[in-house]
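> Submitted below is the structure of interest, expressed as structure tokens.
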Amino acid sequence: MKILVTGSAGFIGFHLINSLISRGDEVIGLDSINDYYDQSLKYGRLKQTGINREKISYNSFCQSQKHTNYRFIQLQLEDRENLNTLFQAEKFDAVCNLAAQAGVRYSLENPIAYVDSNIVGFINLLEACRHYNVNNLSYASSSSVYGLNESYPFSTSDNVDHPISLYAASKKANELMAHTYSHLYNIATTGLRFFTVYGPWGRPDMAYFSFTKAALEGKPIEVFNHGKMLRDFTYIDDIVEGVVRVIDNPAKAEPNWSGKDPTPSTSSAPYKIYNIGNNNPVKLMDFITAIENALGIELEKQMLPMQPGDVPQTYANVDDLVSDLDYKPQTSIQVGINHFVDWYKDFYAHSPSL
């Protein structure tokens, strides 16, 4: 297939690009390369896929020096005119939207960034799919949409009308917008609610990344809610495997769906929502222990109260992915953390520290 992956210089996007390239798809990666976190990490990911930083310029293609089937373009989804030109010229078979303003905590500081990227950018993408006949759109949602829900494990059949951050609200809005386009224009859309993704080339604003950085610098770590947190940590390779299966299996209309008793995750339109998680929540303190084991360092911990916008527990019900796509995460926490720590030491031994 010819596939557009947005957010391709990001954590999940980078790994997805590698997977699609390796199996022979023609791939175009799109990213704005914003400065939400250290850009050297984004350029490092691009370099791994053969994209020369010196040859990147806005709204121009950069051919990979490693892969004949990969090109990159720096572009903002908010740039509707150039986005439409891209779609008109390239005639994509599928689009996977991983571009977004990320981060729960940052959404409290800069909410407008989330509206611009996650709402305006997403409607531009939906419109481009509509007008240029792309009938296979998958996109990143988030476990944060479950908000105040306390029924575990989180199920896509649950009501998710009580988000507690604008980031979560923007992801819920994406799901609603996607359904509208599935209903009106018969575009197959699949939303993927990711659960705490971790692994090599991860994001510096994530806890496991900052914990490792602090440990190697001899600094204490901040542990929120006094460590009384559970997270459904999901290793990046497991996430990518799930995303690829979704791309290969576009959403279909559910013939037995009824508006009298509506199931939120399906529709009479070609629309689907999946959780992608490990289906095995881990105590935050056990996760920290895995980092300590990998580093051979005992971390000094500063116990702090819960932060605004955060939740005490996430836990994914992935029954739909298992039954529909035969998907099941395989990577244990200790194995995944060991891979991350090995990558971290290698990358920052050859790159400027954050």
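Chains: A, B, ... in order of the structure tokens. Residues: from 1 per chain. Ligands: from 1, in order shown.
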DSSP on the backbone, then: every residue of range 132-331 of chain A marked helix (DSSP H, G or I), written as a PyMOL selection string.

chain A and resi 143-146+166-185+207-216+225-227+236-248+284-295+319-325

> Residues within 10 Å of Leu86 in chain A, please, as a PDB file with N, CA, C and O atoms, in the first residue's frame. Count only C-alpha atoms; anything in the same chain fewer than 4 positions from it doesn't count.


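Saved file result31.pdb follows:
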ATOM      1  N   ASN A  59       7.516  21.813   3.625  1.00  0.00           N
ATOM      2  CA  ASN A  59       6.678  21.481   2.478  1.00  0.00           C
ATOM      3  C   ASN A  59       7.483  21.008   1.271  1.00  0.00           C
ATOM      4  O   ASN A  59       7.087  21.223   0.124  1.00  0.00           O
ATOM      5  N   ILE A  73       8.202  14.538   4.581  1.00  0.00           N
ATOM      6  CA  ILE A  73       7.864  15.930   4.323  1.00  0.00           C
ATOM      7  C   ILE A  73       7.556  16.628   5.648  1.00  0.00           C
ATOM      8  O   ILE A  73       6.813  16.097   6.484  1.00  0.00           O
ATOM      9  N   LEU A  75       5.586  19.243   7.459  1.00  0.00           N
ATOM     10  CA  LEU A  75       4.341  19.950   7.188  1.00  0.00           C
ATOM     11  C   LEU A  75       3.472  19.936   8.433  1.00  0.00           C
ATOM     12  O   LEU A  75       3.487  18.967   9.196  1.00  0.00           O
ATOM     13  N   ARG A  80      -3.799  23.700   5.731  1.00  0.00           N
ATOM     14  CA  ARG A  80      -4.799  22.990   4.922  1.00  0.00           C
ATOM     15  C   ARG A  80      -4.474  23.004   3.432  1.00  0.00           C
ATOM     16  O   ARG A  80      -4.622  21.990   2.748  1.00  0.00           O
ATOM     17  N   GLU A  81      -4.013  24.130   2.922  1.00  0.00           N
ATOM     18  CA  GLU A  81      -3.746  24.246   1.491  1.00  0.00           C
ATOM     19  C   GLU A  81      -2.669  23.257   1.043  1.00  0.00           C
ATOM     20  O   GLU A  81      -2.852  22.505   0.074  1.00  0.00           O
ATOM     21  N   ASN A  82      -1.543  23.236   1.745  1.00  0.00           N
ATOM     22  CA  ASN A  82      -0.462  22.340   1.352  1.00  0.00           C
ATOM     23  C   ASN A  82      -0.791  20.872   1.654  1.00  0.00           C
ATOM     24  O   ASN A  82      -0.331  19.972   0.947  1.00  0.00           O
ATOM     25  N   GLU A  90      -0.492  12.591  -4.226  1.00  0.00           N
ATOM     26  CA  GLU A  90       0.043  11.281  -3.835  1.00  0.00           C
ATOM     27  C   GLU A  90      -0.950  10.128  -3.887  1.00  0.00           C
ATOM     28  O   GLU A  90      -0.567   8.974  -3.990  1.00  0.00           O
ATOM     29  N   LYS A  91      -2.239  10.422  -3.762  1.00  0.00           N
ATOM     30  CA  LYS A  91      -3.268   9.374  -3.881  1.00  0.00           C
ATOM     31  C   LYS A  91      -2.986   8.180  -2.954  1.00  0.00           C
ATOM     32  O   LYS A  91      -2.708   7.056  -3.382  1.00  0.00           O
ATOM     33  N   PHE A  92      -3.094   8.451  -1.665  1.00  0.00           N
ATOM     34  CA  PHE A  92      -2.793   7.452  -0.642  1.00  0.00           C
ATOM     35  C   PHE A  92      -3.851   6.352  -0.596  1.00  0.00           C
ATOM     36  O   PHE A  92      -5.038   6.597  -0.804  1.00  0.00           O
ATOM     37  N   ALA A 128      -9.307  16.089   3.839  1.00  0.00           N
ATOM     38  CA  ALA A 128      -8.421  15.618   2.775  1.00  0.00           C
ATOM     39  C   ALA A 128      -8.764  14.185   2.392  1.00  0.00           C
ATOM     40  O   ALA A 128      -8.796  13.831   1.203  1.00  0.00           O
ATOM     41  N   TYR A 132     -10.124  13.409  -1.409  1.00  0.00           N
ATOM     42  CA  TYR A 132      -9.144  12.716  -2.255  1.00  0.00           C
ATOM     43  C   TYR A 132      -9.222  11.193  -2.108  1.00  0.00           C
ATOM     44  O   TYR A 132      -8.264  10.476  -2.350  1.00  0.00           O
TER      45      TYR A 132
END

> Would you mind telling me which residue in A:Ala9, A:Ala349, A:Ala253, A:Leu30 lies nearest to Gln48 in chain A when using only C-alpha atoms?

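Checking each candidate against Gln48 in chain A, we get A:Ala9 as the closest.
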
> DSSP on the backbone, strand (DSSP E) only: what residues of range 111-272 of chain A does that give? Format it as a PyMOL selection string.

chain A and resi 136-142+188-194+197-198+221-224+230-231+234-235+271-272

> Just to be explicit: take each residue in the selection above, keep C-alpha atoms, and write the result as an mmCIF file, in the first residue's frame.


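Full text of part-v2.cif as output:
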data_model
loop_
_atom_site.group_PDB
_atom_site.id
_atom_site.type_symbol
_atom_site.label_atom_id
_atom_site.label_comp_id
_atom_site.auth_asym_id
_atom_site.auth_seq_id
_atom_site.Cartn_x
_atom_site.Cartn_y
_atom_site.Cartn_z
ATOM 1 C CA ASN A 136 -8.749 3.855 5.298
ATOM 2 C CA LEU A 137 -7.946 6.192 8.198
ATOM 3 C CA SER A 138 -6.524 5.025 11.510
ATOM 4 C CA TYR A 139 -5.659 7.561 14.190
ATOM 5 C CA ALA A 140 -4.240 7.862 17.678
ATOM 6 C CA SER A 141 -6.683 8.339 20.488
ATOM 7 C CA SER A 142 -5.665 7.849 24.127
ATOM 8 C CA ALA A 188 -13.456 3.684 7.263
ATOM 9 C CA THR A 189 -12.008 5.143 10.472
ATOM 10 C CA THR A 190 -10.386 3.339 13.400
ATOM 11 C CA GLY A 191 -9.427 5.070 16.640
ATOM 12 C CA LEU A 192 -6.646 3.580 18.755
ATOM 13 C CA ARG A 193 -6.665 4.306 22.473
ATOM 14 C CA PHE A 194 -3.013 3.869 23.442
ATOM 15 C CA VAL A 197 3.582 3.403 25.583
ATOM 16 C CA TYR A 198 7.269 2.987 26.448
ATOM 17 C CA ILE A 221 12.896 11.275 40.987
ATOM 18 C CA GLU A 222 9.437 12.727 41.544
ATOM 19 C CA VAL A 223 6.860 10.042 42.342
ATOM 20 C CA PHE A 224 3.309 11.350 42.199
ATOM 21 C CA LEU A 230 -1.246 1.607 38.342
ATOM 22 C CA ARG A 231 -0.421 1.880 34.645
ATOM 23 C CA THR A 234 2.704 -1.203 26.773
ATOM 24 C CA TYR A 235 5.965 -1.828 24.946
ATOM 25 C CA TYR A 271 -16.190 3.017 12.397
ATOM 26 C CA LYS A 272 -14.291 1.261 15.172
#

> Give me the residues near range 313-327 of chain A as a ChimeraX atom specification, where near means some atom within 7 Å (using only C-alpha atoms) and where sequence neighbours in that chain fewer than 6 positions away do not count.

/A:152-155,229-232,242,245,274-281

> Counting only C-alpha atoms, which residues of range 18-101 of chain A fall within 8 Å of range 117-125 of chain A, and what is the closest atom pair for each with its distance in Å at one decimal, ordered by chain and rising number, as a Markdown table?


| residue | atom | partner | partner_atom | distance |
| --- | --- | --- | --- | --- |
| A:Gln76 | CA | A:Gly121 | CA | 7.6 |
| A:Leu77 | CA | A:Gly121 | CA | 4.4 |
| A:Glu78 | CA | A:Gly121 | CA | 4.6 |
| A:Asp79 | CA | A:Gly121 | CA | 7.9 |
| A:Arg80 | CA | A:Asn124 | CA | 5.9 |
| A:Leu83 | CA | A:Leu125 | CA | 7.8 |
| A:Ala99 | CA | A:Ser117 | CA | 7.9 |
| A:Ala100 | CA | A:Asn118 | CA | 5.3 |
| A:Gln101 | CA | A:Ser117 | CA | 5.9 |

> Tell me which of A:Lys47, A:His67, A:Lys228, A:Lys213 sits closest to Asp25 in chain A, counting only C-alpha atoms.

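Of the candidates, the smallest distance to Asp25 in chain A is held by A:His67.
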
> Separation of CA of Gly7 in chain A and CA of Val27 in chain A, in Å?

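These atoms are spaced 12.7 Å apart.
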
> Which residues come within 12 Å of Thr180 in chain A, counting only C-alpha atoms, excluding same-chain residues fewer than 3 positions away, as a list in words?

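Everything that qualifies: Ile123, Leu126, Glu127, Arg130, Ala173, Asn174, Glu175, Leu176, Met177, His183, Leu184, Tyr185, Asn186, Ile187, Ala188, Thr189, Ser267, Ser268, Ala269, Pro270 and Tyr271 of chain A.
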
> Using only C-alpha atoms, which protein or nucleic acid residues come within 12 Å of Ala102 in chain A? Drop anything in the same chain fewer than 4 positions from it, and give the result as a PDB file with C-alpha atoms, in the first residue's frame.


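Done, and the output landed in around.pdb:
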ATOM      1  CA  GLY A   7       3.799  12.308  13.353  1.00  0.00           C
ATOM      2  CA  GLY A  10       7.533  11.075  16.926  1.00  0.00           C
ATOM      3  CA  PHE A  11       7.977   8.030  19.122  1.00  0.00           C
ATOM      4  CA  ILE A  12       5.259   5.710  17.798  1.00  0.00           C
ATOM      5  CA  ASN A  34       7.808  21.157  16.722  1.00  0.00           C
ATOM      6  CA  ASP A  35       9.778  22.005  19.854  1.00  0.00           C
ATOM      7  CA  TYR A  36       7.437  20.475  22.465  1.00  0.00           C
ATOM      8  CA  TYR A  37      10.434  18.372  23.499  1.00  0.00           C
ATOM      9  CA  LEU A  98      -0.148   9.869  14.890  1.00  0.00           C
ATOM     10  CA  TYR A 106       1.196  20.566  29.107  1.00  0.00           C
ATOM     11  CA  SER A 107      -2.469  20.881  28.117  1.00  0.00           C
ATOM     12  CA  LEU A 108      -3.029  22.754  31.391  1.00  0.00           C
ATOM     13  CA  ASN A 110      -1.041  25.730  26.670  1.00  0.00           C
ATOM     14  CA  PRO A 111      -4.555  24.578  25.759  1.00  0.00           C
ATOM     15  CA  ALA A 113      -1.849  24.246  21.076  1.00  0.00           C
ATOM     16  CA  TYR A 114      -4.178  21.265  21.489  1.00  0.00           C
ATOM     17  CA  VAL A 115      -7.015  22.945  19.630  1.00  0.00           C
ATOM     18  CA  SER A 117      -3.045  20.560  16.291  1.00  0.00           C
ATOM     19  CA  ASN A 118      -5.541  18.015  17.564  1.00  0.00           C
ATOM     20  CA  ALA A 140      -4.240   7.862  17.678  1.00  0.00           C
ATOM     21  CA  SER A 141      -6.683   8.339  20.488  1.00  0.00           C
ATOM     22  CA  SER A 142      -5.665   7.849  24.127  1.00  0.00           C
ATOM     23  CA  SER A 144      -6.887   9.472  28.854  1.00  0.00           C
ATOM     24  CA  SER A 165      -7.693  17.331  30.679  1.00  0.00           C
ATOM     25  CA  LEU A 166      -8.041  19.220  27.427  1.00  0.00           C
ATOM     26  CA  TYR A 167      -5.691  16.678  25.850  1.00  0.00           C
ATOM     27  CA  ALA A 168      -8.203  13.936  26.695  1.00  0.00           C
ATOM     28  CA  SER A 170      -9.331  16.674  22.155  1.00  0.00           C
ATOM     29  CA  LYS A 171      -8.877  12.921  21.673  1.00  0.00           C
ATOM     30  CA  ARG A 203       9.404  10.757  24.716  1.00  0.00           C
ATOM     31  CA  PRO A 204      11.402  12.727  27.312  1.00  0.00           C
ATOM     32  CA  ASP A 205       8.221  13.922  29.043  1.00  0.00           C
ATOM     33  CA  MET A 206       7.290  10.349  29.993  1.00  0.00           C
TER      34      MET A 206
END

> Env of Ser265 in chain A: 6 Å cut, atoms = only C-alpha atoms, seq-sep filter 5 positions within chain, self excluded. Answer as a ChimeraX atom specification.

/A:156-157,272-273

> Store the residues picked out above in a file with all heavy atoms, as a JSON list (two decimals), in the first residue's frame.


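Result saved to part.json:
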[["chain", "number", "residue", "atom", "x", "y", "z"],
["A", 156, "THR", "N", -13.98, -0.28, 25.67],
["A", 156, "THR", "CA", -14.46, 0.64, 24.64],
["A", 156, "THR", "C", -15.98, 0.72, 24.61],
["A", 156, "THR", "O", -16.54, 1.57, 23.92],
["A", 156, "THR", "CB", -13.94, 0.22, 23.25],
["A", 156, "THR", "OG1", -14.31, -1.13, 22.99],
["A", 156, "THR", "CG2", -12.43, 0.37, 23.19],
["A", 157, "SER", "N", -16.65, -0.14, 25.35],
["A", 157, "SER", "CA", -18.11, -0.04, 25.47],
["A", 157, "SER", "C", -18.54, 0.91, 26.59],
["A", 157, "SER", "O", -19.72, 1.19, 26.76],
["A", 157, "SER", "CB", -18.73, -1.42, 25.71],
["A", 157, "SER", "OG", -18.29, -1.96, 26.94],
["A", 272, "LYS", "N", -14.67, 2.16, 14.09],
["A", 272, "LYS", "CA", -14.29, 1.26, 15.17],
["A", 272, "LYS", "C", -13.33, 1.97, 16.12],
["A", 272, "LYS", "O", -12.50, 2.77, 15.71],
["A", 272, "LYS", "CB", -13.62, 0.00, 14.60],
["A", 272, "LYS", "CG", -13.24, -1.05, 15.63],
["A", 272, "LYS", "CD", -14.44, -1.66, 16.33],
["A", 272, "LYS", "CE", -14.02, -2.71, 17.34],
["A", 272, "LYS", "NZ", -15.16, -3.26, 18.10],
["A", 273, "ILE", "N", -13.46, 1.64, 17.42],
["A", 273, "ILE", "CA", -12.53, 2.10, 18.44],
["A", 273, "ILE", "C", -11.92, 0.87, 19.12],
["A", 273, "ILE", "O", -12.63, -0.06, 19.50],
["A", 273, "ILE", "CB", -13.23, 2.95, 19.52],
["A", 273, "ILE", "CG1", -13.85, 4.21, 18.90],
["A", 273, "ILE", "CG2", -12.25, 3.34, 20.62],
["A", 273, "ILE", "CD1", -12.86, 5.21, 18.36]]

> So, with only C-alpha atoms as the atoms that count, which of A:Pro312, A:Pro305, A:Gly13, A:Gly103 lies closest to Lys42 in chain A?

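The shortest atom-to-atom distance to Lys42 in chain A comes from A:Gly13.
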
> Nearest residue to Pro220 in chain A out of A:Gly202, A:Gln302, A:Ile291, A:Ile112, using only C-alpha atoms?

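Checking each of A:Gly202, A:Gln302, A:Ile291, A:Ile112 against Pro220 in chain A, counting only C-alpha atoms, the winner is A:Gln302.
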
> With distances taken over only C-alpha atoms, which of A:Gln88, A:Gly29, A:Asp93, A:Ile56 is nearest to Asn69 in chain A?

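With only C-alpha atoms as the atom set, the closest residue is A:Gly29.
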
> Neighbours of Asn225 in chain A within 10 Å (only C-alpha atoms; same-chain residues fewer than 4 positions away dropped), as a list in words?

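Here the qualifying residues turn out to be Met229, Leu284, Met303, Leu304, Pro305, Met306, Gln307, Asp310, Val311 and Pro312 of chain A.
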
> Those selected residues, please, written with C-alpha atoms and delivered as an mmCIF file, in the first residue's frame.


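Saved the output as out-v5.cif:
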data_model
loop_
_atom_site.group_PDB
_atom_site.id
_atom_site.type_symbol
_atom_site.label_atom_id
_atom_site.label_comp_id
_atom_site.auth_asym_id
_atom_site.auth_seq_id
_atom_site.Cartn_x
_atom_site.Cartn_y
_atom_site.Cartn_z
ATOM 1 C CA MET A 229 -0.539 4.450 40.761
ATOM 2 C CA LEU A 284 4.293 2.388 39.587
ATOM 3 C CA MET A 303 6.909 11.367 47.141
ATOM 4 C CA LEU A 304 4.416 13.975 45.910
ATOM 5 C CA PRO A 305 0.610 14.309 45.668
ATOM 6 C CA MET A 306 -1.389 13.583 42.511
ATOM 7 C CA GLN A 307 -1.006 16.143 39.746
ATOM 8 C CA ASP A 310 -3.751 12.706 36.104
ATOM 9 C CA VAL A 311 -5.573 9.489 37.020
ATOM 10 C CA PRO A 312 -4.617 6.811 39.582
#
